[in-house]
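Pasted below: entry.txt, compact mmCIF, N, CA and C atoms.
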```
# COMPACT_ATOMS: atom_id res chain seq x y z
N MET A 1 292.20 139.40 110.02
CA MET A 1 292.74 140.74 110.06
C MET A 1 291.66 141.71 109.57
N PRO A 2 291.38 142.77 110.31
CA PRO A 2 290.34 143.71 109.90
C PRO A 2 290.70 144.47 108.62
N VAL A 3 289.65 144.86 107.93
CA VAL A 3 289.78 145.68 106.72
C VAL A 3 289.36 147.09 107.09
N THR A 4 290.12 148.09 106.66
CA THR A 4 289.78 149.48 106.94
C THR A 4 289.18 150.11 105.69
N ILE A 5 288.06 150.78 105.88
CA ILE A 5 287.40 151.51 104.79
C ILE A 5 287.39 152.99 105.20
N ASP A 6 287.88 153.83 104.35
CA ASP A 6 287.78 155.28 104.57
C ASP A 6 286.52 155.77 103.85
N SER A 7 285.39 155.44 104.45
CA SER A 7 284.09 155.72 103.85
C SER A 7 283.84 157.22 103.73
N THR A 8 283.40 157.64 102.55
CA THR A 8 283.06 159.05 102.37
C THR A 8 281.75 159.37 103.10
N ARG A 9 280.95 158.37 103.41
CA ARG A 9 279.66 158.57 104.07
C ARG A 9 279.76 158.43 105.59
N PHE A 10 280.59 157.49 106.07
CA PHE A 10 280.60 157.16 107.50
C PHE A 10 281.94 157.37 108.19
N GLY A 11 282.94 157.87 107.47
CA GLY A 11 284.26 158.03 108.07
C GLY A 11 285.05 156.73 108.02
N THR A 12 286.06 156.62 108.85
CA THR A 12 286.90 155.43 108.87
C THR A 12 286.18 154.30 109.60
N LEU A 13 286.11 153.15 108.93
CA LEU A 13 285.44 151.97 109.48
C LEU A 13 286.41 150.80 109.49
N GLU A 14 286.34 150.01 110.54
CA GLU A 14 287.09 148.76 110.58
C GLU A 14 286.08 147.63 110.47
N VAL A 15 286.31 146.75 109.53
CA VAL A 15 285.41 145.63 109.26
C VAL A 15 286.20 144.34 109.39
N SER A 16 285.67 143.39 110.13
CA SER A 16 286.37 142.11 110.28
C SER A 16 286.32 141.35 108.96
N ASP A 17 287.31 140.51 108.74
CA ASP A 17 287.34 139.68 107.53
C ASP A 17 286.06 138.88 107.37
N GLU A 18 285.52 138.41 108.49
CA GLU A 18 284.31 137.59 108.45
C GLU A 18 283.09 138.37 107.97
N ALA A 19 283.14 139.70 108.05
CA ALA A 19 282.00 140.53 107.64
C ALA A 19 282.07 140.94 106.17
N VAL A 20 283.12 140.52 105.47
CA VAL A 20 283.25 140.85 104.05
C VAL A 20 282.49 139.80 103.24
N VAL A 21 281.60 140.30 102.39
CA VAL A 21 280.81 139.43 101.51
C VAL A 21 281.34 139.60 100.09
N ASP A 22 281.71 138.49 99.48
CA ASP A 22 282.22 138.51 98.11
C ASP A 22 281.07 138.25 97.14
N PHE A 23 280.88 139.16 96.20
CA PHE A 23 279.90 138.97 95.13
C PHE A 23 280.70 138.56 93.89
N PRO A 24 280.88 137.26 93.65
CA PRO A 24 281.75 136.82 92.56
C PRO A 24 281.32 137.32 91.19
N ASN A 25 280.03 137.59 91.01
CA ASN A 25 279.53 138.10 89.73
C ASN A 25 279.27 139.60 89.78
N GLY A 26 279.65 140.25 90.87
CA GLY A 26 279.43 141.68 91.02
C GLY A 26 277.96 142.00 91.24
N LEU A 27 277.65 143.28 91.15
CA LEU A 27 276.28 143.76 91.27
C LEU A 27 275.92 144.52 90.00
N ILE A 28 274.69 144.42 89.59
CA ILE A 28 274.25 145.04 88.34
C ILE A 28 274.55 146.54 88.36
N GLY A 29 275.34 146.99 87.40
CA GLY A 29 275.63 148.40 87.24
C GLY A 29 276.67 148.98 88.19
N LEU A 30 277.27 148.14 89.03
CA LEU A 30 278.25 148.64 90.00
C LEU A 30 279.57 147.89 89.86
N GLY A 31 280.64 148.54 90.24
CA GLY A 31 281.95 147.91 90.21
C GLY A 31 282.27 147.25 91.54
N GLY A 32 283.30 146.47 91.53
CA GLY A 32 283.77 145.83 92.76
C GLY A 32 283.02 144.56 93.09
N ARG A 33 283.66 143.76 93.91
CA ARG A 33 283.08 142.48 94.31
C ARG A 33 282.91 142.37 95.82
N ARG A 34 283.69 143.13 96.56
CA ARG A 34 283.70 142.94 98.01
C ARG A 34 282.90 144.05 98.70
N TYR A 35 281.95 143.59 99.53
CA TYR A 35 281.06 144.50 100.24
C TYR A 35 280.92 144.03 101.69
N THR A 36 280.38 144.90 102.51
CA THR A 36 280.03 144.53 103.87
C THR A 36 278.66 145.11 104.18
N LEU A 37 277.94 144.47 105.07
CA LEU A 37 276.64 144.97 105.50
C LEU A 37 276.84 145.71 106.82
N LEU A 38 276.56 147.01 106.80
CA LEU A 38 276.73 147.83 107.99
C LEU A 38 275.38 148.09 108.65
N VAL A 39 275.34 147.85 109.94
CA VAL A 39 274.17 148.18 110.73
C VAL A 39 274.49 149.48 111.44
N ARG A 40 273.80 150.54 111.11
CA ARG A 40 274.06 151.84 111.73
C ARG A 40 273.24 152.01 113.01
N GLU A 41 272.05 151.45 113.04
CA GLU A 41 271.19 151.48 114.23
C GLU A 41 270.53 150.11 114.35
N GLU A 42 270.67 149.49 115.50
CA GLU A 42 270.15 148.13 115.68
C GLU A 42 268.66 148.01 115.38
N SER A 43 267.86 149.00 115.73
CA SER A 43 266.41 148.89 115.54
C SER A 43 265.95 149.37 114.17
N ALA A 44 266.84 149.94 113.38
CA ALA A 44 266.45 150.47 112.07
C ALA A 44 266.19 149.33 111.08
N PRO A 45 265.23 149.51 110.18
CA PRO A 45 264.95 148.46 109.19
C PRO A 45 265.95 148.45 108.03
N PHE A 46 266.85 149.43 107.98
CA PHE A 46 267.78 149.53 106.86
C PHE A 46 269.21 149.25 107.30
N LEU A 47 269.96 148.64 106.39
CA LEU A 47 271.39 148.44 106.55
C LEU A 47 272.04 149.13 105.36
N TRP A 48 273.35 149.19 105.38
CA TRP A 48 274.09 149.74 104.25
C TRP A 48 274.95 148.64 103.67
N LEU A 49 274.83 148.42 102.38
CA LEU A 49 275.74 147.53 101.66
C LEU A 49 276.87 148.43 101.18
N HIS A 50 278.00 148.35 101.88
CA HIS A 50 279.11 149.27 101.63
C HIS A 50 280.22 148.53 100.90
N SER A 51 280.68 149.14 99.83
CA SER A 51 281.79 148.57 99.06
C SER A 51 283.08 148.65 99.86
N ILE A 52 283.83 147.58 99.83
CA ILE A 52 285.17 147.56 100.42
C ILE A 52 286.14 148.23 99.44
N ASP A 53 285.88 148.06 98.15
CA ASP A 53 286.78 148.53 97.11
C ASP A 53 286.60 149.99 96.74
N ASP A 54 285.39 150.54 96.95
CA ASP A 54 285.09 151.93 96.58
C ASP A 54 284.51 152.63 97.81
N PRO A 55 285.31 153.45 98.50
CA PRO A 55 284.84 154.07 99.75
C PRO A 55 283.68 155.03 99.59
N SER A 56 283.31 155.36 98.36
CA SER A 56 282.18 156.27 98.15
C SER A 56 280.89 155.53 97.81
N LEU A 57 280.93 154.21 97.75
CA LEU A 57 279.77 153.43 97.34
C LEU A 57 279.12 152.72 98.53
N ALA A 58 277.92 153.14 98.88
CA ALA A 58 277.14 152.52 99.95
C ALA A 58 275.67 152.60 99.55
N LEU A 59 275.02 151.45 99.52
CA LEU A 59 273.61 151.38 99.11
C LEU A 59 272.74 150.98 100.30
N PRO A 60 271.62 151.66 100.50
CA PRO A 60 270.70 151.19 101.54
C PRO A 60 270.02 149.90 101.06
N VAL A 61 269.91 148.96 101.98
CA VAL A 61 269.23 147.69 101.71
C VAL A 61 268.35 147.36 102.90
N THR A 62 267.43 146.45 102.68
CA THR A 62 266.56 146.01 103.77
C THR A 62 266.15 144.57 103.56
N ASN A 63 265.67 143.97 104.62
CA ASN A 63 265.05 142.65 104.54
C ASN A 63 263.64 142.88 104.00
N PRO A 64 263.32 142.35 102.83
CA PRO A 64 262.01 142.65 102.23
C PRO A 64 260.83 142.15 103.06
N GLY A 65 261.04 141.14 103.88
CA GLY A 65 259.97 140.62 104.72
C GLY A 65 259.43 141.64 105.71
N LEU A 66 260.23 142.65 106.04
CA LEU A 66 259.77 143.69 106.96
C LEU A 66 258.69 144.56 106.33
N PHE A 67 258.70 144.69 105.02
CA PHE A 67 257.76 145.56 104.31
C PHE A 67 256.77 144.80 103.44
N PHE A 68 257.17 143.62 103.00
CA PHE A 68 256.34 142.82 102.10
C PHE A 68 256.26 141.40 102.68
N PRO A 69 255.34 141.17 103.63
CA PRO A 69 255.30 139.88 104.34
C PRO A 69 255.14 138.66 103.43
N ASP A 70 254.54 138.83 102.26
CA ASP A 70 254.32 137.70 101.36
C ASP A 70 255.40 137.56 100.29
N TYR A 71 256.45 138.36 100.40
CA TYR A 71 257.51 138.37 99.38
C TYR A 71 258.23 137.03 99.34
N GLU A 72 258.41 136.53 98.12
CA GLU A 72 259.15 135.29 97.90
C GLU A 72 260.12 135.50 96.76
N VAL A 73 261.25 134.81 96.85
CA VAL A 73 262.22 134.81 95.76
C VAL A 73 262.11 133.47 95.07
N GLU A 74 261.88 133.51 93.77
CA GLU A 74 261.84 132.29 92.97
C GLU A 74 262.97 132.35 91.96
N ILE A 75 263.84 131.34 92.02
CA ILE A 75 264.91 131.21 91.05
C ILE A 75 264.90 129.78 90.53
N SER A 76 265.51 129.59 89.39
CA SER A 76 265.54 128.25 88.79
C SER A 76 266.40 127.32 89.63
N ASP A 77 266.17 126.03 89.44
CA ASP A 77 266.99 125.03 90.14
C ASP A 77 268.46 125.17 89.77
N SER A 78 268.73 125.47 88.49
CA SER A 78 270.13 125.60 88.07
C SER A 78 270.78 126.82 88.72
N GLU A 79 270.03 127.91 88.89
CA GLU A 79 270.55 129.10 89.57
C GLU A 79 270.80 128.79 91.05
N ALA A 80 269.88 128.10 91.68
CA ALA A 80 270.06 127.72 93.09
C ALA A 80 271.29 126.82 93.25
N GLU A 81 271.48 125.92 92.31
CA GLU A 81 272.65 125.03 92.37
C GLU A 81 273.94 125.83 92.17
N ARG A 82 273.93 126.76 91.23
CA ARG A 82 275.12 127.57 90.96
C ARG A 82 275.50 128.38 92.19
N ILE A 83 274.51 128.91 92.88
CA ILE A 83 274.74 129.72 94.07
C ILE A 83 275.11 128.85 95.27
N GLY A 84 274.62 127.62 95.28
CA GLY A 84 274.90 126.73 96.40
C GLY A 84 273.81 126.74 97.45
N ILE A 85 272.59 126.98 97.02
CA ILE A 85 271.47 126.98 97.97
C ILE A 85 270.76 125.63 97.89
N GLN A 86 270.80 124.92 99.00
CA GLN A 86 270.07 123.66 99.11
C GLN A 86 268.67 123.90 99.68
N ASP A 87 268.62 124.82 100.64
CA ASP A 87 267.40 125.14 101.35
C ASP A 87 267.26 126.66 101.34
N PRO A 88 266.09 127.20 101.00
CA PRO A 88 265.93 128.66 100.99
C PRO A 88 266.33 129.33 102.30
N ALA A 89 266.20 128.63 103.40
CA ALA A 89 266.58 129.19 104.70
C ALA A 89 268.09 129.43 104.82
N ASP A 90 268.87 128.85 103.88
CA ASP A 90 270.33 129.03 103.90
C ASP A 90 270.74 130.45 103.50
N ALA A 91 269.86 131.17 102.83
CA ALA A 91 270.22 132.48 102.29
C ALA A 91 269.53 133.61 103.04
N GLN A 92 270.29 134.67 103.31
CA GLN A 92 269.70 135.92 103.78
C GLN A 92 269.28 136.67 102.53
N VAL A 93 268.12 137.31 102.58
CA VAL A 93 267.59 138.03 101.43
C VAL A 93 267.54 139.52 101.76
N PHE A 94 268.08 140.32 100.85
CA PHE A 94 268.04 141.76 100.97
C PHE A 94 267.58 142.34 99.63
N VAL A 95 267.00 143.52 99.68
CA VAL A 95 266.66 144.25 98.47
C VAL A 95 267.25 145.64 98.58
N THR A 96 267.66 146.19 97.44
CA THR A 96 268.19 147.54 97.45
C THR A 96 267.03 148.52 97.56
N VAL A 97 267.34 149.66 98.16
CA VAL A 97 266.33 150.68 98.43
C VAL A 97 266.75 151.98 97.76
N ARG A 98 265.79 152.63 97.14
CA ARG A 98 266.02 153.98 96.62
C ARG A 98 265.34 154.92 97.58
N ALA A 99 266.16 155.65 98.32
CA ALA A 99 265.64 156.61 99.29
C ALA A 99 265.20 157.88 98.57
N ALA A 100 264.37 158.65 99.23
CA ALA A 100 263.87 159.90 98.67
C ALA A 100 263.63 160.88 99.81
N GLU A 101 263.33 162.11 99.46
CA GLU A 101 263.04 163.11 100.48
C GLU A 101 261.80 162.74 101.28
N ALA A 102 260.75 162.33 100.60
CA ALA A 102 259.50 161.96 101.25
C ALA A 102 259.45 160.45 101.43
N VAL A 103 259.07 160.01 102.62
CA VAL A 103 259.06 158.58 102.93
C VAL A 103 258.15 157.80 101.97
N GLU A 104 257.07 158.41 101.52
CA GLU A 104 256.18 157.68 100.61
C GLU A 104 256.80 157.44 99.23
N ASP A 105 257.93 158.08 98.96
CA ASP A 105 258.62 157.88 97.69
C ASP A 105 259.77 156.87 97.77
N PHE A 106 260.01 156.26 98.93
CA PHE A 106 261.03 155.22 99.05
C PHE A 106 260.58 154.02 98.21
N ARG A 107 261.52 153.41 97.50
CA ARG A 107 261.22 152.27 96.63
C ARG A 107 262.21 151.13 96.90
N ALA A 108 261.75 149.91 96.68
CA ALA A 108 262.59 148.72 96.82
C ALA A 108 262.61 147.96 95.50
N ASN A 109 263.76 147.41 95.18
CA ASN A 109 263.89 146.59 93.97
C ASN A 109 263.63 145.14 94.35
N LEU A 110 262.40 144.69 94.15
CA LEU A 110 262.02 143.31 94.48
C LEU A 110 262.36 142.34 93.35
N ARG A 111 262.70 142.88 92.20
CA ARG A 111 262.98 142.05 91.03
C ARG A 111 264.40 141.50 91.03
N ALA A 112 265.35 142.23 91.64
CA ALA A 112 266.76 141.80 91.64
C ALA A 112 267.30 141.77 93.07
N PRO A 113 266.80 140.82 93.89
CA PRO A 113 267.25 140.76 95.28
C PRO A 113 268.70 140.28 95.41
N LEU A 114 269.24 140.52 96.58
CA LEU A 114 270.58 140.05 96.92
C LEU A 114 270.42 138.86 97.85
N LEU A 115 271.06 137.76 97.50
CA LEU A 115 271.06 136.57 98.35
C LEU A 115 272.45 136.41 98.92
N VAL A 116 272.54 136.33 100.25
CA VAL A 116 273.83 136.16 100.90
C VAL A 116 273.84 134.79 101.56
N VAL A 117 274.80 133.99 101.12
CA VAL A 117 274.96 132.64 101.63
C VAL A 117 276.36 132.55 102.22
N GLY A 118 276.43 132.52 103.55
CA GLY A 118 277.75 132.54 104.18
C GLY A 118 278.42 133.88 103.90
N ARG A 119 279.58 133.81 103.28
CA ARG A 119 280.32 135.03 102.95
C ARG A 119 280.31 135.32 101.45
N ARG A 120 279.35 134.74 100.74
CA ARG A 120 279.19 135.00 99.31
C ARG A 120 277.82 135.62 99.07
N GLY A 121 277.80 136.56 98.12
CA GLY A 121 276.55 137.22 97.78
C GLY A 121 276.28 137.11 96.30
N TYR A 122 275.02 137.10 95.96
CA TYR A 122 274.60 136.99 94.57
C TYR A 122 273.39 137.88 94.35
N GLN A 123 273.42 138.65 93.29
CA GLN A 123 272.23 139.36 92.88
C GLN A 123 271.57 138.49 91.83
N VAL A 124 270.31 138.18 92.04
CA VAL A 124 269.59 137.28 91.14
C VAL A 124 268.38 137.99 90.57
N ILE A 125 267.83 137.42 89.53
CA ILE A 125 266.58 137.90 88.98
C ILE A 125 265.46 137.04 89.57
N ASN A 126 264.56 137.69 90.28
CA ASN A 126 263.45 137.01 90.92
C ASN A 126 262.42 136.67 89.85
N GLU A 127 262.12 135.40 89.69
CA GLU A 127 261.16 134.95 88.69
C GLU A 127 259.72 134.94 89.20
N ALA A 128 259.50 135.32 90.45
CA ALA A 128 258.15 135.34 91.01
C ALA A 128 257.31 136.40 90.28
N ALA A 129 256.07 136.08 90.06
CA ALA A 129 255.17 137.01 89.38
C ALA A 129 254.94 138.26 90.22
N GLY A 130 254.82 139.38 89.53
CA GLY A 130 254.46 140.62 90.20
C GLY A 130 255.58 141.34 90.93
N THR A 131 256.81 140.91 90.73
CA THR A 131 257.90 141.63 91.40
C THR A 131 258.25 142.88 90.60
N SER A 132 258.50 143.94 91.32
CA SER A 132 258.75 145.23 90.69
C SER A 132 260.15 145.72 91.03
N VAL A 133 260.71 146.52 90.14
CA VAL A 133 262.00 147.14 90.43
C VAL A 133 261.82 148.42 91.24
N ARG A 134 260.59 148.89 91.38
CA ARG A 134 260.32 150.13 92.12
C ARG A 134 259.07 149.98 93.00
N ALA A 135 259.07 149.00 93.86
CA ALA A 135 257.92 148.78 94.74
C ALA A 135 257.93 149.80 95.88
N PRO A 136 256.80 150.47 96.14
CA PRO A 136 256.75 151.44 97.24
C PRO A 136 256.96 150.74 98.58
N LEU A 137 257.92 151.23 99.36
CA LEU A 137 258.20 150.63 100.67
C LEU A 137 257.14 150.98 101.69
N PHE A 138 256.66 152.19 101.64
CA PHE A 138 255.71 152.66 102.64
C PHE A 138 254.37 152.91 101.97
N ALA A 139 253.78 151.85 101.45
CA ALA A 139 252.52 151.98 100.71
C ALA A 139 251.43 152.57 101.59
N GLU A 140 251.43 152.24 102.90
CA GLU A 140 250.39 152.78 103.76
C GLU A 140 250.50 154.29 103.89
N ALA A 141 251.70 154.85 103.84
CA ALA A 141 251.86 156.31 103.89
C ALA A 141 251.25 156.95 102.65
N ARG A 142 251.46 156.33 101.51
CA ARG A 142 250.91 156.84 100.25
C ARG A 142 249.37 156.73 100.27
N ALA A 143 248.85 155.61 100.77
CA ALA A 143 247.39 155.43 100.81
C ALA A 143 246.76 156.46 101.75
N ALA A 144 247.39 156.73 102.89
CA ALA A 144 246.86 157.72 103.84
C ALA A 144 246.87 159.11 103.22
N GLU A 145 247.91 159.40 102.44
CA GLU A 145 248.02 160.70 101.78
C GLU A 145 246.89 160.87 100.75
N GLN A 146 246.57 159.79 100.02
CA GLN A 146 245.55 159.87 98.99
C GLN A 146 244.15 160.02 99.59
N VAL A 147 243.94 159.47 100.77
CA VAL A 147 242.65 159.56 101.45
C VAL A 147 242.45 160.97 102.00
N ALA A 148 243.53 161.57 102.47
CA ALA A 148 243.43 162.91 103.12
C ALA A 148 243.07 164.01 102.17
```

When written as structure tokens, how does the structure in this file appear?
Amino acid sequence: MPVTIDSTRFGTLEVSDEAVVDFPNGLIGLGGRRYTLLVREESAPFLWLHSIDDPSLALPVTNPGLFFPDYEVEISDSEAERIGIQDPADAQVFVTVRAAEAVEDFRANLRAPLLVVGRRGYQVINEAAGTSVRAPLFAEARAAEQVA
């Protein structure tokens, strides 16, 4: 049975039950457990992680591999077991994005990625070295600006 969201950002949305992702431990600093990933444009690199429980809560997210080809998520074996990941390929990886007026100011949180396994989601702490909570998404735009 579809779920209806009266989104303050996108209007009324119908989401299939299969598209609802349960975050049993919630998300850092946010309420609610049930979210859906909305694709607004098929070719866009960003999706929206929209709360089912709070119609005003929608966060831009992206696949970090699109911007950081060498990005890896490292978690402990006990964390992987708790989440139910046998093989890293079992999980979709997303990172939250902080949008800004200027594209060179867009940032991604590489330190606390979202792992989606089936219909369950988990925000984890990435133990890989060098992960930042405010990594520039469009580093080449910033580098071009500094050269000019």

Filtered DSSP result for chain A, state helix (DSSP H, G or I), as a list of chain:residue names: A:Asp17, A:Glu18, A:Ala19, A:Pro64, A:Gly65, A:Leu66, A:Asp77, A:Ser78, A:Glu79, A:Ala80, A:Glu81, A:Arg82, A:Ile83, A:Pro88, A:Ala89, A:Asp90, A:Val103, A:Glu104, A:Asp105, A:Ala139, A:Glu140, A:Ala141, A:Arg142, A:Ala143, A:Ala144, A:Glu145, A:Gln146, A:Val147

Å distance separating atom N of Asn25 of chain A from atom N of Gly11 of chain A, one decimal place: 26.3 Å

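Residues with any atom within 7 Å of the point (275.3, 146.8, 105.7), counting all atoms listed in the file, are Thr36, Leu37, Leu38, Val39, Arg40, Phe46, Leu47, Trp48, Leu49, His50 and Val61 of chain A.
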
Hey, could you make a per-residue contact list for segment 55-118 of chain A against segment 125-139 of chain A with 7 Å as the cut-off, showing the nearest pair of atoms and its distance in Å to one decimal, counting all atoms listed in the file, sorted by chain and number, as a tab-separated table?
```
residue	atom	partner	partner_atom	distance
A:Phe67	CA	A:Leu137	C	6.1
A:Glu72	C	A:Ala128	CA	6.1
A:Val73	CA	A:Asn126	CA	5.5
A:Glu74	C	A:Glu127	N	3.9
A:Ile75	N	A:Glu127	N	5.0
A:Ser76	N	A:Glu127	N	6.7
A:Val103	C	A:Phe138	CA	5.7
A:Glu104	CA	A:Phe138	C	5.3
A:Asp105	C	A:Leu137	N	6.1
A:Phe106	C	A:Leu137	N	4.0
A:Arg107	CA	A:Ala135	C	4.2
A:Ala108	N	A:Ala135	C	3.9
A:Asn109	CA	A:Val133	C	3.9
A:Leu110	N	A:Ser132	C	4.0
A:Arg111	C	A:Asn126	N	3.9
A:Ala112	CA	A:Ile125	CA	4.7
A:Pro113	N	A:Asn126	N	5.3
```

Which residue of A:Ile52, A:Ala44, A:Leu57, A:Val124 approaches Glu79 of chain A most closely, using only C-alpha atoms: A:Val124

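If you look at atom C of Phe94 of chain A and atom N of Pro69 of chain A, they are 12.9 Å away from each other.
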